[in-house]
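Here's the structure we're looking at; comments come further down.
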Amino acid sequence: MTVIICLDDKNGIAFNGRRQSRDRVVSERIVDLSKGGKLFMNEYSAKIFQSDLKVVDNDFLTKAEAGDFCFCEDDSFLLYLGKITRLIVYRWNKAYPRDKVINADVFYGKTIKSRCDFVGNSHERITEEVYE
Amino acid sequence: MNKRLTAALLSLLLICSLLLSACGGDLVSPSQPDNQNGNVIASVKDVPKFDGKTPFVAINGNQPVFTEQQLKTKSYEKYERLDYLGRCTVAIAVVGTDIMPTEDRGSIGSVKPTGWHTVKYDIVDGKYLYNRCHLIGFQLTGENANERNLITGTRYLNIEGMLPFENMIADYVKETDNHVLYRVTPYFEDKNLLASGVQLEAYSVEDNGEGICFNVYAYNAQPGVIIDYRTGESRLEKADNVSSDTEKREYVVNISSGKFHLPDCSGVKSIKPQNKKTVKTLRSNLISNGYQPCKQCNP
């Protein structure tokens, strides 16, 4: 399965149980790239996606199968590293408060396949990195 | 109205009344630990001393203390009067897109907040120890040279302690068009001219804090620098305590993991060649660029 996460410039992912940031351009991009598979997320994340194609399930990481996409806004995916064949990281290129950080070890064993920058709605530069 | 809906509404009413009844109408629900010891820090007076590496600590379980009347969905900003020593007191705003800046920031150099000194150290990012720190950041309300909104703050306070929270609020407001109630309170001990730190409290109004909710104290401190808060005067920590911060040394950086090592660290061998970079620099430069010291060789 493919896991999709968003990180700040110090690999932070959340603060006080909340996402650090959001950008509608990223949400639209995630919907586009997951066409052809199921896009899983929990109820909290579902509020920032307009698409009807999303699958909302708070236990989505257990239920997702090969070929599916999982959008994660916390570190719960670390329990499923064995299932992850591809990791897509959106980097905000800004600093936010953080009390949950994704250790860079998660990228070990994976090779970066692509990296590109694009302009967001509220972010000057967002970087998309794909690891496989 | 069916029974389930009625029960849900009653539960909601009960929760609301509990929240609003605490502390005389304040929204308070302390719950999460505020520091690494797992303790909840009830108020600013209970904040531990700066440990040299933690830019802020959560207060009151990260729950801000606002009254229901303050939670408005109409933007405003208010900067309270300076006190009798000329020190900033408090700034509060309901931040909305309608009061966010549409032009670049203007000059603020004409304001000389209490405790101001122009002083440079090599170990400080950008060299200058002090910045004119906006209480309510420019990106939120577009306030320029307002003496009621500018304090003398260390570079560390500005960049590590305050900016991340301002970024979080700014993005949320821009993406949702909602409002965030935001209050910044500097704390001065006795007649000190330099604030010991600032308390930042924020709460997103339309979604009842689901998007933004925090209450933190950010230290007005700078690692490696000793500050006299009475006057704002400063000096480097003793040379023997900061030798690693003032001498350029050779380090091996793993650009993938974000760790740095001493050249003879056994962990260096396992770094993939494409991720390995040898640099000669200050330890503090690596830290300020987001790298972390290896726990094995402790560079």
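By order in the structure tokens, chains are A, B, ...; within a chain, residues start at 1; ligands start at 1, following the order shown.
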Requested in this report: Considering only C-alpha atoms, return as a list of chain:residue names whatever protein or nucleic-acid residues lie within 7 Å of range 43-51 of chain B, sequence-local ones (same chain, fewer than 4 positions apart) excluded.
Outcome: B:Ile59, B:Asn60, B:Tyr217, B:Tyr219
Would you put the residues from that selection into a file with N, CA and C atoms, as a PDB file, in the first residue's frame?
```pdb
ATOM      1  N   ILE B  59       1.220  24.777  28.552  1.00  0.00           N
ATOM      2  CA  ILE B  59       0.626  25.212  29.812  1.00  0.00           C
ATOM      3  C   ILE B  59      -0.792  24.660  29.874  1.00  0.00           C
ATOM      4  N   ASN B  60      -1.208  24.245  31.063  1.00  0.00           N
ATOM      5  CA  ASN B  60      -2.615  23.875  31.268  1.00  0.00           C
ATOM      6  C   ASN B  60      -3.095  22.827  30.261  1.00  0.00           C
ATOM      7  N   TYR B 217       4.180  28.400  26.712  1.00  0.00           N
ATOM      8  CA  TYR B 217       5.088  29.451  27.181  1.00  0.00           C
ATOM      9  C   TYR B 217       6.392  29.270  26.420  1.00  0.00           C
ATOM     10  N   TYR B 219      10.287  30.489  25.835  1.00  0.00           N
ATOM     11  CA  TYR B 219      11.358  31.131  26.605  1.00  0.00           C
ATOM     12  C   TYR B 219      12.051  32.223  25.787  1.00  0.00           C
TER      13      TYR B 219
END
```
List the neighbours of Lys47 in chain A out to 12 Å using only C-alpha atoms; skip same-chain residues closer than 4 positions along the sequence, and give me the result as a PDB file with C-alpha atoms, in the first residue's frame.
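The result, stored in part-v3.pdb:
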```pdb
ATOM      1  CA  ARG A  19      -2.396  18.623  11.980  1.00  0.00           C
ATOM      2  CA  ARG A  22      -3.129  21.936   5.392  1.00  0.00           C
ATOM      3  CA  ARG A  24      -6.201  22.431  -0.601  1.00  0.00           C
ATOM      4  CA  SER A  27      -5.663  17.509  -0.964  1.00  0.00           C
ATOM      5  CA  MET A  41      -8.303   8.056   5.771  1.00  0.00           C
ATOM      6  CA  ASN A  42      -9.871   8.551   9.187  1.00  0.00           C
ATOM      7  CA  GLU A  43     -12.781  10.835  10.084  1.00  0.00           C
ATOM      8  CA  SER A  51     -13.889  14.159  -2.952  1.00  0.00           C
ATOM      9  CA  ASP A  52     -16.604  11.502  -2.716  1.00  0.00           C
ATOM     10  CA  LYS A  54     -12.440   8.726  -0.236  1.00  0.00           C
ATOM     11  CA  VAL A  56     -13.400   6.897   5.695  1.00  0.00           C
TER      12      VAL A  56
ATOM     13  CA  THR B 176     -10.544  27.685   6.074  1.00  0.00           C
ATOM     14  CA  ASP B 207     -14.797  24.648  14.826  1.00  0.00           C
ATOM     15  CA  GLU B 210     -10.573  21.414  16.384  1.00  0.00           C
ATOM     16  CA  GLY B 211      -8.201  23.181  14.017  1.00  0.00           C
TER      17      GLY B 211
END
```
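Considering the residues B:Thr97, B:Asn144, B:Asn167, B:Asn192 and counting only C-alpha atoms, Tyr96 in chain A has its shortest atom-to-atom contact with B:Asn167.
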Please report as a short mmCIF file (atom, residue, chain, number, x, y, z; two decimals) with N, CA and C atoms, in the first residue's frame which residues of chain A come no farther than 6 Å from chain B, using only C-alpha atoms.
```
data_model
loop_
_atom_site.label_atom_id
_atom_site.label_comp_id
_atom_site.auth_asym_id
_atom_site.auth_seq_id
_atom_site.Cartn_x
_atom_site.Cartn_y
_atom_site.Cartn_z
N ALA A 95 8.29 25.79 9.33
CA ALA A 95 8.36 25.21 10.68
C ALA A 95 7.04 25.42 11.39
N TYR A 96 6.60 24.38 12.08
CA TYR A 96 5.39 24.45 12.90
C TYR A 96 5.71 23.85 14.27
N PRO A 97 4.88 24.11 15.26
CA PRO A 97 5.10 23.40 16.52
C PRO A 97 4.87 21.91 16.29
N ALA A 104 13.64 9.86 10.84
CA ALA A 104 14.10 9.62 9.46
C ALA A 104 14.38 8.15 9.19
#
```
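From CA of Ser75 in chain B back to CA of Gly12 in chain A, the distance works out to 29.7 Å.
Neighbours of Ile99 in chain B closer than or equal to 9 Å, with only C-alpha atoms counted and sequence neighbours fewer than 3 positions away skipped, come out as Ser75, Tyr76, Glu77, Val95, Gly96, Thr102, Leu140, Thr141 and Gly142 of chain B.
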